[in-house]
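Undergrad: Right, I'll just put the structure down here and ask away after.
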Protein chains: 2
Amino acid sequence: MSLLVVGSVAFDSVQTPAQCRDRVLGGSATYFSYSASYFAPVRLVGVVGDDFPVEYVELFRRRQIDTRGLSVVPGGRTFYWKGKYLPNMNDRETLEVHLNVLGSFQPKLPDDYRRSDYLFLGNASPRTQLAVLDQMTDPRLVVADTMDLWIREEHDELMALLKRIDGLVMNDSEAKLLTGEENLVVAGREVLRLGPRFVVIKKGEHGAMFFSAHETYVLPAYPTPQVVDPTGAGDSFAGGMMGYLAACGNFDPQTLKRALAYGILVASFTVEDFSLDRLRGITRDDLEERMTRYRTMLSFS
Amino acid sequence: MSLLVVGSVAFDSVQTPAQCRDRVLGGSATYFSYSASYFAPVRLVGVVGDDFPVEYVELFRRRQIDTRGLSVVPGGRTFYWKGKYLPNMNDRETLEVHLNVLGSFQPKLPDDYRRSDYLFLGNASPRTQLAVLDQMTDPRLVVADTMDLWIREEHDELMALLKRIDGLVMNDSEAKLLTGEENLVVAGREVLRLGPRFVVIKKGEHGAMFFSAHETYVLPAYPTPQVVDPTGAGDSFAGGMMGYLAACGNFDPQTLKRALAYGILVASFTVEDFSLDRLRGITRDDLEERMTRYRTMLSFS
């Protein structure tokens with residue numbers, strides 16, 4: 001099944017308690033597409049300036065990521081984010097954001113992208129996400145991400161979006177903010193009532209929760225001793241999940257649960273280094289090896 | 001196998017964002033023994049004042065909890081704790097502590113208790129925990145709890161204790177404090193090096209992690225929509241775990257993992273009401289039913 005992602009491609013400057021990196025490759029569509037590419041070909045829609053190195057485009061292409069949807073704005077500068085992680089490596093503060101070319105980006109899908117079967121709407125304003133959705137012809141599965149800013153400032157548009165998507169992926173603080181509920185089980189079920197057929201709440205180092213009409217479950221994160229940079233973990237999770245679903249071509253409950261697990265495992269690699277540095281060094285076999293360990297960890301006779 | 005717990009029996013006054021309870025039955029030995037009693041008979045060593053209602057003693061006895069080791073100090077008052085939970089229901093602040101009879105308690109084990117096979121040393125000063133251990137004759141499995149106060153103020157005694165126990169149960173913030181490590185996988189492995197053969201790090205609503213020389217794993221908490229009062233969850237966890245181990249009479253890796261899961265499930269009931277109010281209404285069958293759901297939740301084909 002064809003898989004399309006619309007999201008950001010960025011330069012990130014990241015400070016962790018131990019190390020810093022300046023202007024490394026980042027962005028939701030970057031992490032999503034690279035992670036999904038372990039399972040299925042991906043079509044990427046995003047925007048960069050002409051400061052974006054051609055070697056990064058090559059990096060995508062080498063992994064079957066179709067970059068015809070990546071617009072390059074002549075004379076423009078690529079979206080830039082600078083952030084700092086607190087010692088717990090979970091909380092972070094944003095030090096600088098320059099939207100640059102992303103500020104005026106109105107995604108226009110190439111004609112053949114419109115018939116993609118699976119669509120992931122990376123974090124963007126619900127207005128933009130809806131505008132993308134309007135360009136699609138009968139997608140089989142639409143999943144979106146969102147963030148606190150849109151919950152606060154584009155509430156009505158977000159509500160409209162929720163009625164038109166199949167799945168929503170959000171983090172725990174966003175689920176609490178959207179519903180006013182502190183208990184995540186209650187919050188997840190409340191979000192379901194707003195429209196999506198399933199909801200995934202990401203809990204960072206604590207894993208992810210899944211909600212549908214018939215199921216509520218939680219899967220823990222894979223316990224890695226080496227958390228270098230959590231940036232992109234959520235988008236890697238979504239990429240692994242959607243990539244696996246697209247490869248399977250169905251989304252029955254067992255497939256969805258395996259997809260969540262693959263999302264968790266790809267993310268566990270992502271956090272082990274900055275940018276895509278760790279992911280670039282792994283193969284599908286490495287993912288399968290970690291999956292075997294993960295299954296063993298969660299099974300008891 | 002015989003199971004002995006030494007810990008506190010208390011009156012708790014608890015404030016949550018939604019409700020309050022005044023002077024309800026609490027304490028580590030209370031939660032531990034009641035939870036363990038679903039699996040195996042328990043011997044309880046603790047101290048109360050003569051303000052302690054006989055109906056609570058009866059409550060223990062009806063669940064095969066041997067209370068011959070529960071000292072009653074004439075004219076003394078029972079240990080009292082008053083606390084308040086923040087809206088996240090995870091963090092709490094202590095508003096009042098009156099040690100009362102617990103302040104001068106030096107546990108003395110009845111003769112026949114000394115040969116107990118399984119011992120749980122509830123949170124107390126390492127000095128007191130060592131004094132209990134010294135009274136034991138060849139126990140098969142010794143597991144202890146501790147807290148930030150002792151890590152800070154009785155560090156040497158705690159180090160001595162760690163060399164003499166089989167297992168340590170602690171929460172995530174304590175593991176970080178003891179090791180200076182923020183990553184819990186690293187922290188758990190560091191604690192192993194201090195002596196115990198296994199370490200369990202409790203993560204509250206996020207479950208528990210297990211560490212031994214050959215294994216590292218994490219099991220999520222059971223997702224309950226009804227978290228009324230988290231008090232006693234950690235001791236219920238330890239009680240379910242140790243009770244199950246005592247019932248099995250072995251502690252091979254698979255038995256330990258099942259024991260952790262039972263601990264998680266008993267704790268998931270405990271938090272659904274104040275004091276023992278929820279636990280008092282459940283049967284072993286209710287635990288088994290939740291176990292079936294928990295296994296299903298964690299398994300994927």
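For the structure tokens, the naming scheme is as follows: chains receive sequential letters (A, B, ...) according to their order of presentation, residues are indexed from 1 within each chain, and ligands are indexed from 1 in presentation order.
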For a quick test of understanding: name the residues of chain A lying within 9 Å of chain B when counting only C-alpha atoms, and present them as a PyMOL selection string.
TA: chain A and resi 87-89+182-187+203+206-207+209+215-227+254-255+257-258+294-295+297-301
Undergrad: All in-order C-alpha pairs, least squares, chain B moved onto chain A. Output the fitted coordinates as an mmCIF file with C-alpha atoms, in the first residue's frame, please.
TA:
data_model
loop_
_atom_site.group_PDB
_atom_site.id
_atom_site.type_symbol
_atom_site.label_atom_id
_atom_site.label_comp_id
_atom_site.auth_asym_id
_atom_site.auth_seq_id
_atom_site.Cartn_x
_atom_site.Cartn_y
_atom_site.Cartn_z
ATOM 1 C CA MET B 1 0.005 0.007 -0.003
ATOM 2 C CA SER B 2 1.239 3.531 -0.745
ATOM 3 C CA LEU B 3 2.104 5.703 2.241
ATOM 4 C CA LEU B 4 2.204 9.489 2.209
ATOM 5 C CA VAL B 5 3.524 11.780 4.928
ATOM 6 C CA VAL B 6 3.102 15.541 5.048
ATOM 7 C CA GLY B 7 5.260 17.242 7.651
ATOM 8 C CA SER B 8 8.300 19.311 8.434
ATOM 9 C CA VAL B 9 11.883 18.927 7.288
ATOM 10 C CA ALA B 10 14.194 20.899 9.534
ATOM 11 C CA PHE B 11 17.560 21.811 10.885
ATOM 12 C CA ASP B 12 17.698 21.096 14.622
ATOM 13 C CA SER B 13 20.188 22.355 17.157
ATOM 14 C CA VAL B 14 19.977 20.140 20.203
ATOM 15 C CA GLN B 15 21.502 20.483 23.656
ATOM 16 C CA THR B 16 21.407 17.558 26.039
ATOM 17 C CA PRO B 17 23.040 17.463 29.466
ATOM 18 C CA ALA B 18 25.970 15.559 27.953
ATOM 19 C CA GLN B 19 26.378 16.889 24.405
ATOM 20 C CA CYS B 20 25.319 19.404 21.747
ATOM 21 C CA ARG B 21 24.696 19.175 18.015
ATOM 22 C CA ASP B 22 24.259 22.154 15.719
ATOM 23 C CA ARG B 23 22.005 22.225 12.645
ATOM 24 C CA VAL B 24 21.513 18.507 12.219
ATOM 25 C CA LEU B 25 18.808 16.999 10.020
ATOM 26 C CA GLY B 26 15.426 16.883 11.767
ATOM 27 C CA GLY B 27 11.699 17.490 11.317
ATOM 28 C CA SER B 28 8.602 15.316 11.634
ATOM 29 C CA ALA B 29 8.530 14.171 8.006
ATOM 30 C CA THR B 30 12.237 13.338 8.184
ATOM 31 C CA TYR B 31 11.951 11.065 11.187
ATOM 32 C CA PHE B 32 8.634 9.633 10.025
ATOM 33 C CA SER B 33 9.709 8.759 6.515
ATOM 34 C CA TYR B 34 13.090 7.352 7.438
ATOM 35 C CA SER B 35 11.492 5.141 10.105
ATOM 36 C CA ALA B 36 8.634 4.028 7.846
ATOM 37 C CA SER B 37 11.091 3.171 5.078
ATOM 38 C CA TYR B 38 12.155 0.016 6.935
ATOM 39 C CA PHE B 39 8.737 -1.384 6.130
ATOM 40 C CA ALA B 40 7.314 0.295 3.030
ATOM 41 C CA PRO B 41 8.122 2.920 0.386
ATOM 42 C CA VAL B 42 7.149 6.421 1.488
ATOM 43 C CA ARG B 43 6.112 9.589 -0.313
ATOM 44 C CA LEU B 44 7.265 12.729 1.433
ATOM 45 C CA VAL B 45 5.635 16.149 1.176
ATOM 46 C CA GLY B 46 7.462 19.039 2.834
ATOM 47 C CA VAL B 47 9.392 22.201 2.144
ATOM 48 C CA VAL B 48 12.992 23.308 2.527
ATOM 49 C CA GLY B 49 15.092 26.303 1.515
ATOM 50 C CA ASP B 50 17.959 26.148 -0.922
ATOM 51 C CA ASP B 51 20.274 25.895 2.083
ATOM 52 C CA PHE B 52 19.174 22.246 2.345
ATOM 53 C CA PRO B 53 22.101 19.980 1.379
ATOM 54 C CA VAL B 54 21.532 17.682 -1.565
ATOM 55 C CA GLU B 55 23.190 14.900 0.415
ATOM 56 C CA TYR B 56 20.134 14.796 2.699
ATOM 57 C CA VAL B 57 17.855 14.377 -0.304
ATOM 58 C CA GLU B 58 20.090 11.526 -1.391
ATOM 59 C CA LEU B 59 19.819 10.043 2.087
ATOM 60 C CA PHE B 60 16.042 9.877 1.670
ATOM 61 C CA ARG B 61 16.227 8.463 -1.843
ATOM 62 C CA ARG B 62 18.566 5.687 -0.870
ATOM 63 C CA ARG B 63 15.811 4.429 1.412
ATOM 64 C CA GLN B 64 13.043 4.389 -1.206
ATOM 65 C CA ILE B 65 11.641 7.681 0.033
ATOM 66 C CA ASP B 66 9.992 9.482 -2.867
ATOM 67 C CA THR B 67 11.010 13.135 -2.548
ATOM 68 C CA ARG B 68 9.136 14.539 -5.540
ATOM 69 C CA GLY B 69 6.852 16.182 -3.006
ATOM 70 C CA LEU B 70 9.721 17.973 -1.264
ATOM 71 C CA SER B 71 9.516 21.608 -2.422
ATOM 72 C CA VAL B 72 12.680 23.668 -2.503
ATOM 73 C CA VAL B 73 12.079 27.414 -2.178
ATOM 74 C CA PRO B 74 14.793 29.373 -4.044
ATOM 75 C CA GLY B 75 16.404 31.908 -1.755
ATOM 76 C CA GLY B 76 14.470 30.515 1.213
ATOM 77 C CA ARG B 77 15.828 29.101 4.417
ATOM 78 C CA THR B 78 14.866 25.754 5.947
ATOM 79 C CA PHE B 79 12.786 25.563 9.145
ATOM 80 C CA TYR B 80 15.065 25.774 12.180
ATOM 81 C CA TRP B 81 14.480 24.590 15.749
ATOM 82 C CA LYS B 82 16.814 24.874 18.697
ATOM 83 C CA GLY B 83 16.035 23.137 21.962
ATOM 84 C CA LYS B 84 17.490 21.988 25.226
ATOM 85 C CA TYR B 85 16.694 18.851 27.200
ATOM 86 C CA LEU B 86 16.474 18.861 30.975
ATOM 87 C CA PRO B 87 18.460 16.240 32.926
ATOM 88 C CA ASN B 88 15.510 13.813 32.917
ATOM 89 C CA MET B 89 15.806 13.725 29.074
ATOM 90 C CA ASN B 90 12.030 13.886 28.852
ATOM 91 C CA ASP B 91 11.178 17.556 29.335
ATOM 92 C CA ARG B 92 12.648 20.091 26.975
ATOM 93 C CA GLU B 93 12.527 23.789 26.318
ATOM 94 C CA THR B 94 12.519 25.468 22.947
ATOM 95 C CA LEU B 95 15.276 28.054 22.698
ATOM 96 C CA GLU B 96 14.658 29.260 19.143
ATOM 97 C CA VAL B 97 12.213 28.648 16.319
ATOM 98 C CA HIS B 98 12.546 30.094 12.845
ATOM 99 C CA LEU B 99 9.693 28.924 10.652
ATOM 100 C CA ASN B 100 11.399 30.299 7.527
ATOM 101 C CA VAL B 101 9.950 28.591 4.420
ATOM 102 C CA LEU B 102 7.586 26.519 6.561
ATOM 103 C CA GLY B 103 5.756 29.700 7.625
ATOM 104 C CA SER B 104 4.077 30.200 4.263
ATOM 105 C CA PHE B 105 3.970 26.564 3.160
ATOM 106 C CA GLN B 106 0.683 25.421 1.712
ATOM 107 C CA PRO B 107 1.225 21.778 0.800
ATOM 108 C CA LYS B 108 0.112 20.893 -2.696
ATOM 109 C CA LEU B 109 0.123 17.183 -3.410
ATOM 110 C CA PRO B 110 1.524 15.896 -6.711
ATOM 111 C CA ASP B 111 -1.337 14.351 -8.685
ATOM 112 C CA ASP B 112 -0.317 10.754 -8.165
ATOM 113 C CA TYR B 113 0.140 11.281 -4.419
ATOM 114 C CA ARG B 114 -3.559 12.095 -4.016
ATOM 115 C CA ARG B 115 -4.501 8.475 -4.394
ATOM 116 C CA SER B 116 -2.152 7.280 -1.644
ATOM 117 C CA ASP B 117 -3.743 4.590 0.485
ATOM 118 C CA TYR B 118 -2.235 5.596 3.839
ATOM 119 C CA LEU B 119 -1.753 9.193 4.941
ATOM 120 C CA PHE B 120 0.065 10.568 7.958
ATOM 121 C CA LEU B 121 -0.552 14.219 8.753
ATOM 122 C CA GLY B 122 2.489 15.294 10.761
ATOM 123 C CA ASN B 123 2.086 17.999 13.341
ATOM 124 C CA ALA B 124 0.891 21.195 11.609
ATOM 125 C CA SER B 125 -2.033 23.548 12.062
ATOM 126 C CA PRO B 126 -5.336 21.653 11.751
ATOM 127 C CA ARG B 127 -6.215 24.144 8.997
ATOM 128 C CA THR B 128 -3.219 22.953 6.977
ATOM 129 C CA GLN B 129 -3.934 19.324 7.816
ATOM 130 C CA LEU B 130 -7.544 19.726 6.596
ATOM 131 C CA ALA B 131 -6.309 21.391 3.402
ATOM 132 C CA VAL B 132 -4.122 18.336 2.713
ATOM 133 C CA LEU B 133 -6.961 15.957 3.462
ATOM 134 C CA ASP B 134 -9.174 17.822 1.003
ATOM 135 C CA GLN B 135 -6.719 16.986 -1.776
ATOM 136 C CA MET B 136 -6.875 13.247 -1.138
ATOM 137 C CA THR B 137 -9.007 10.820 -3.121
ATOM 138 C CA ASP B 138 -10.486 8.149 -0.923
ATOM 139 C CA PRO B 139 -7.554 7.248 1.385
ATOM 140 C CA ARG B 140 -7.899 3.973 3.278
ATOM 141 C CA LEU B 141 -6.318 5.154 6.531
ATOM 142 C CA VAL B 142 -5.656 8.689 7.744
ATOM 143 C CA VAL B 143 -3.708 9.273 10.947
ATOM 144 C CA ALA B 144 -2.750 12.677 12.348
ATOM 145 C CA ASP B 145 -0.475 14.122 14.995
ATOM 146 C CA THR B 146 -1.159 17.394 16.793
ATOM 147 C CA MET B 147 0.284 19.550 19.579
ATOM 148 C CA ASP B 148 -0.648 21.784 22.510
ATOM 149 C CA LEU B 149 -0.502 24.965 20.401
ATOM 150 C CA TRP B 150 -3.335 23.805 18.124
ATOM 151 C CA ILE B 151 -5.389 22.425 21.000
ATOM 152 C CA ARG B 152 -5.278 25.893 22.501
ATOM 153 C CA GLU B 153 -5.415 28.121 19.422
ATOM 154 C CA GLU B 154 -7.228 26.225 16.651
ATOM 155 C CA HIS B 155 -9.635 24.213 18.732
ATOM 156 C CA ASP B 156 -12.566 24.339 16.313
ATOM 157 C CA GLU B 157 -10.457 23.357 13.325
ATOM 158 C CA LEU B 158 -8.926 20.531 15.362
ATOM 159 C CA MET B 159 -12.403 19.290 16.271
ATOM 160 C CA ALA B 160 -13.319 19.318 12.574
ATOM 161 C CA LEU B 161 -10.161 17.367 11.752
ATOM 162 C CA LEU B 162 -10.836 14.746 14.434
ATOM 163 C CA LYS B 163 -14.159 13.915 12.789
ATOM 164 C CA ARG B 164 -12.422 13.154 9.508
ATOM 165 C CA ILE B 165 -9.454 11.003 10.535
ATOM 166 C CA ASP B 166 -9.130 7.343 11.464
ATOM 167 C CA GLY B 167 -6.393 7.654 14.048
ATOM 168 C CA LEU B 168 -4.870 10.329 16.254
ATOM 169 C CA VAL B 169 -1.377 10.117 17.718
ATOM 170 C CA MET B 170 -0.623 12.525 20.558
ATOM 171 C CA ASN B 171 1.504 12.667 23.663
ATOM 172 C CA ASP B 172 0.279 12.314 27.231
ATOM 173 C CA SER B 173 0.316 15.999 28.154
ATOM 174 C CA GLU B 174 -1.636 16.845 24.986
ATOM 175 C CA ALA B 175 -4.271 14.211 25.768
ATOM 176 C CA LYS B 176 -4.699 15.710 29.232
ATOM 177 C CA LEU B 177 -4.907 19.221 27.806
ATOM 178 C CA LEU B 178 -7.458 18.280 25.154
ATOM 179 C CA THR B 179 -9.781 16.476 27.570
ATOM 180 C CA GLY B 180 -9.111 18.092 30.929
ATOM 181 C CA GLU B 181 -8.646 14.570 32.319
ATOM 182 C CA GLU B 182 -5.574 13.578 34.345
ATOM 183 C CA ASN B 183 -6.140 9.824 34.082
ATOM 184 C CA LEU B 184 -4.800 8.751 30.685
ATOM 185 C CA VAL B 185 -7.225 5.840 30.346
ATOM 186 C CA VAL B 186 -10.135 8.219 30.779
ATOM 187 C CA ALA B 187 -8.468 10.826 28.557
ATOM 188 C CA GLY B 188 -7.867 8.341 25.731
ATOM 189 C CA ARG B 189 -11.491 7.213 25.775
ATOM 190 C CA GLU B 190 -12.665 10.834 25.777
ATOM 191 C CA VAL B 191 -10.552 11.577 22.693
ATOM 192 C CA LEU B 192 -12.175 8.605 20.941
ATOM 193 C CA ARG B 193 -15.531 10.278 21.427
ATOM 194 C CA LEU B 194 -14.308 13.272 19.456
ATOM 195 C CA GLY B 195 -14.156 11.251 16.263
ATOM 196 C CA PRO B 196 -11.137 9.044 15.571
ATOM 197 C CA ARG B 197 -11.569 5.271 15.407
ATOM 198 C CA PHE B 198 -8.378 4.826 17.360
ATOM 199 C CA VAL B 199 -6.151 6.965 19.539
ATOM 200 C CA VAL B 200 -2.530 6.405 20.497
ATOM 201 C CA ILE B 201 -1.134 8.272 23.502
ATOM 202 C CA LYS B 202 2.655 8.402 23.508
ATOM 203 C CA LYS B 203 4.262 8.391 26.957
ATOM 204 C CA GLY B 204 7.908 8.883 25.937
ATOM 205 C CA GLU B 205 10.173 6.609 27.976
ATOM 206 C CA HIS B 206 7.084 4.869 29.359
ATOM 207 C CA GLY B 207 5.718 3.567 26.060
ATOM 208 C CA ALA B 208 2.351 4.051 24.392
ATOM 209 C CA MET B 209 -1.336 3.451 25.054
ATOM 210 C CA PHE B 210 -3.891 2.363 22.474
ATOM 211 C CA PHE B 211 -7.612 3.038 22.499
ATOM 212 C CA SER B 212 -10.402 1.867 20.212
ATOM 213 C CA ALA B 213 -14.072 1.094 20.817
ATOM 214 C CA HIS B 214 -13.190 -2.460 21.859
ATOM 215 C CA GLU B 215 -9.656 -2.224 23.191
ATOM 216 C CA THR B 216 -7.545 -0.363 25.727
ATOM 217 C CA TYR B 217 -3.962 -1.395 26.192
ATOM 218 C CA VAL B 218 -0.513 -0.133 26.984
ATOM 219 C CA LEU B 219 2.849 -1.285 25.675
ATOM 220 C CA PRO B 220 6.044 -0.239 27.464
ATOM 221 C CA ALA B 221 8.988 1.397 25.760
ATOM 222 C CA TYR B 222 11.940 -0.834 24.940
ATOM 223 C CA PRO B 223 14.381 -0.328 27.829
ATOM 224 C CA THR B 224 17.518 1.086 26.265
ATOM 225 C CA PRO B 225 20.405 2.147 28.512
ATOM 226 C CA GLN B 226 21.577 4.647 25.918
ATOM 227 C CA VAL B 227 19.268 7.647 25.557
ATOM 228 C CA VAL B 228 21.330 10.287 23.783
ATOM 229 C CA ASP B 229 18.692 12.515 22.171
ATOM 230 C CA PRO B 230 14.910 11.970 22.352
ATOM 231 C CA THR B 231 14.227 14.368 19.454
ATOM 232 C CA GLY B 232 12.140 12.686 16.772
ATOM 233 C CA ALA B 233 11.118 9.716 18.910
ATOM 234 C CA GLY B 234 7.413 10.460 18.491
ATOM 235 C CA ASP B 235 7.656 10.830 14.715
ATOM 236 C CA SER B 236 9.815 7.715 14.454
ATOM 237 C CA PHE B 237 7.163 5.876 16.422
ATOM 238 C CA ALA B 238 4.464 7.065 14.022
ATOM 239 C CA GLY B 239 6.663 6.195 11.043
ATOM 240 C CA GLY B 240 7.341 2.670 12.245
ATOM 241 C CA MET B 241 3.668 2.165 13.014
ATOM 242 C CA MET B 242 2.342 3.510 9.710
ATOM 243 C CA GLY B 243 5.110 1.894 7.659
ATOM 244 C CA TYR B 244 4.266 -1.487 9.119
ATOM 245 C CA LEU B 245 0.547 -0.961 8.558
ATOM 246 C CA ALA B 246 1.158 0.062 4.945
ATOM 247 C CA ALA B 247 3.293 -3.040 4.421
ATOM 248 C CA CYS B 248 0.549 -5.273 5.838
ATOM 249 C CA GLY B 249 -2.267 -3.641 3.910
ATOM 250 C CA ASN B 250 -4.763 -4.104 6.724
ATOM 251 C CA PHE B 251 -5.424 -2.650 10.132
ATOM 252 C CA ASP B 252 -7.106 -5.361 12.135
ATOM 253 C CA PRO B 253 -6.493 -5.274 15.917
ATOM 254 C CA GLN B 254 -3.530 -7.678 15.939
ATOM 255 C CA THR B 255 -1.849 -5.869 13.050
ATOM 256 C CA LEU B 256 -2.362 -2.543 14.818
ATOM 257 C CA LYS B 257 -0.788 -3.910 17.981
ATOM 258 C CA ARG B 258 2.240 -5.228 16.109
ATOM 259 C CA ALA B 259 2.446 -1.864 14.335
ATOM 260 C CA LEU B 260 2.538 -0.074 17.697
ATOM 261 C CA ALA B 261 5.312 -2.393 18.831
ATOM 262 C CA TYR B 262 7.361 -1.706 15.701
ATOM 263 C CA GLY B 263 6.833 2.014 16.248
ATOM 264 C CA ILE B 264 8.147 1.649 19.797
ATOM 265 C CA LEU B 265 11.186 -0.286 18.588
ATOM 266 C CA VAL B 266 12.160 2.112 15.791
ATOM 267 C CA ALA B 267 11.863 4.971 18.281
ATOM 268 C CA SER B 268 14.109 3.081 20.714
ATOM 269 C CA PHE B 269 16.859 3.175 18.098
ATOM 270 C CA THR B 270 16.230 6.818 17.171
ATOM 271 C CA VAL B 271 16.902 8.050 20.710
ATOM 272 C CA GLU B 272 20.244 6.244 20.872
ATOM 273 C CA ASP B 273 21.981 9.020 18.932
ATOM 274 C CA PHE B 274 21.385 12.497 17.482
ATOM 275 C CA SER B 275 19.357 13.077 14.323
ATOM 276 C CA LEU B 276 19.169 9.951 12.123
ATOM 277 C CA ASP B 277 22.664 8.867 13.143
ATOM 278 C CA ARG B 278 21.569 5.678 14.916
ATOM 279 C CA LEU B 279 18.814 4.755 12.478
ATOM 280 C CA ARG B 280 21.177 5.107 9.527
ATOM 281 C CA GLY B 281 23.272 2.292 10.954
ATOM 282 C CA ILE B 282 20.525 -0.277 11.437
ATOM 283 C CA THR B 283 18.843 -2.810 9.190
ATOM 284 C CA ARG B 284 15.452 -4.456 9.264
ATOM 285 C CA ASP B 285 17.213 -7.425 10.875
ATOM 286 C CA ASP B 286 18.251 -5.245 13.814
ATOM 287 C CA LEU B 287 14.598 -4.294 14.261
ATOM 288 C CA GLU B 288 13.541 -7.941 14.127
ATOM 289 C CA GLU B 289 16.165 -8.890 16.683
ATOM 290 C CA ARG B 290 14.896 -6.217 19.064
ATOM 291 C CA MET B 291 11.324 -7.356 18.358
ATOM 292 C CA THR B 292 12.228 -10.874 19.439
ATOM 293 C CA ARG B 293 13.644 -9.554 22.693
ATOM 294 C CA TYR B 294 10.638 -7.283 23.195
ATOM 295 C CA ARG B 295 8.180 -10.158 22.737
ATOM 296 C CA THR B 296 10.187 -12.292 25.159
ATOM 297 C CA MET B 297 10.236 -9.482 27.674
ATOM 298 C CA LEU B 298 6.434 -9.178 27.574
ATOM 299 C CA SER B 299 5.576 -12.855 27.621
ATOM 300 C CA PHE B 300 5.305 -15.081 30.633
ATOM 301 C CA SER B 301 4.046 -18.615 30.802
#
Undergrad: Would you return as a ChimeraX atom specification the members of range 93-144 of chain B that DSSP assigns to strand (DSSP E or B) on this structure's backbone?
TA: /B:93-98,118-121,141-144
Undergrad: Residues of range 197-299 of chain A classed as alpha helix (DSSP H) by DSSP on the backbone are to be reported as a PyMOL selection string.
TA: chain A and resi 233-248+253-270+284-298
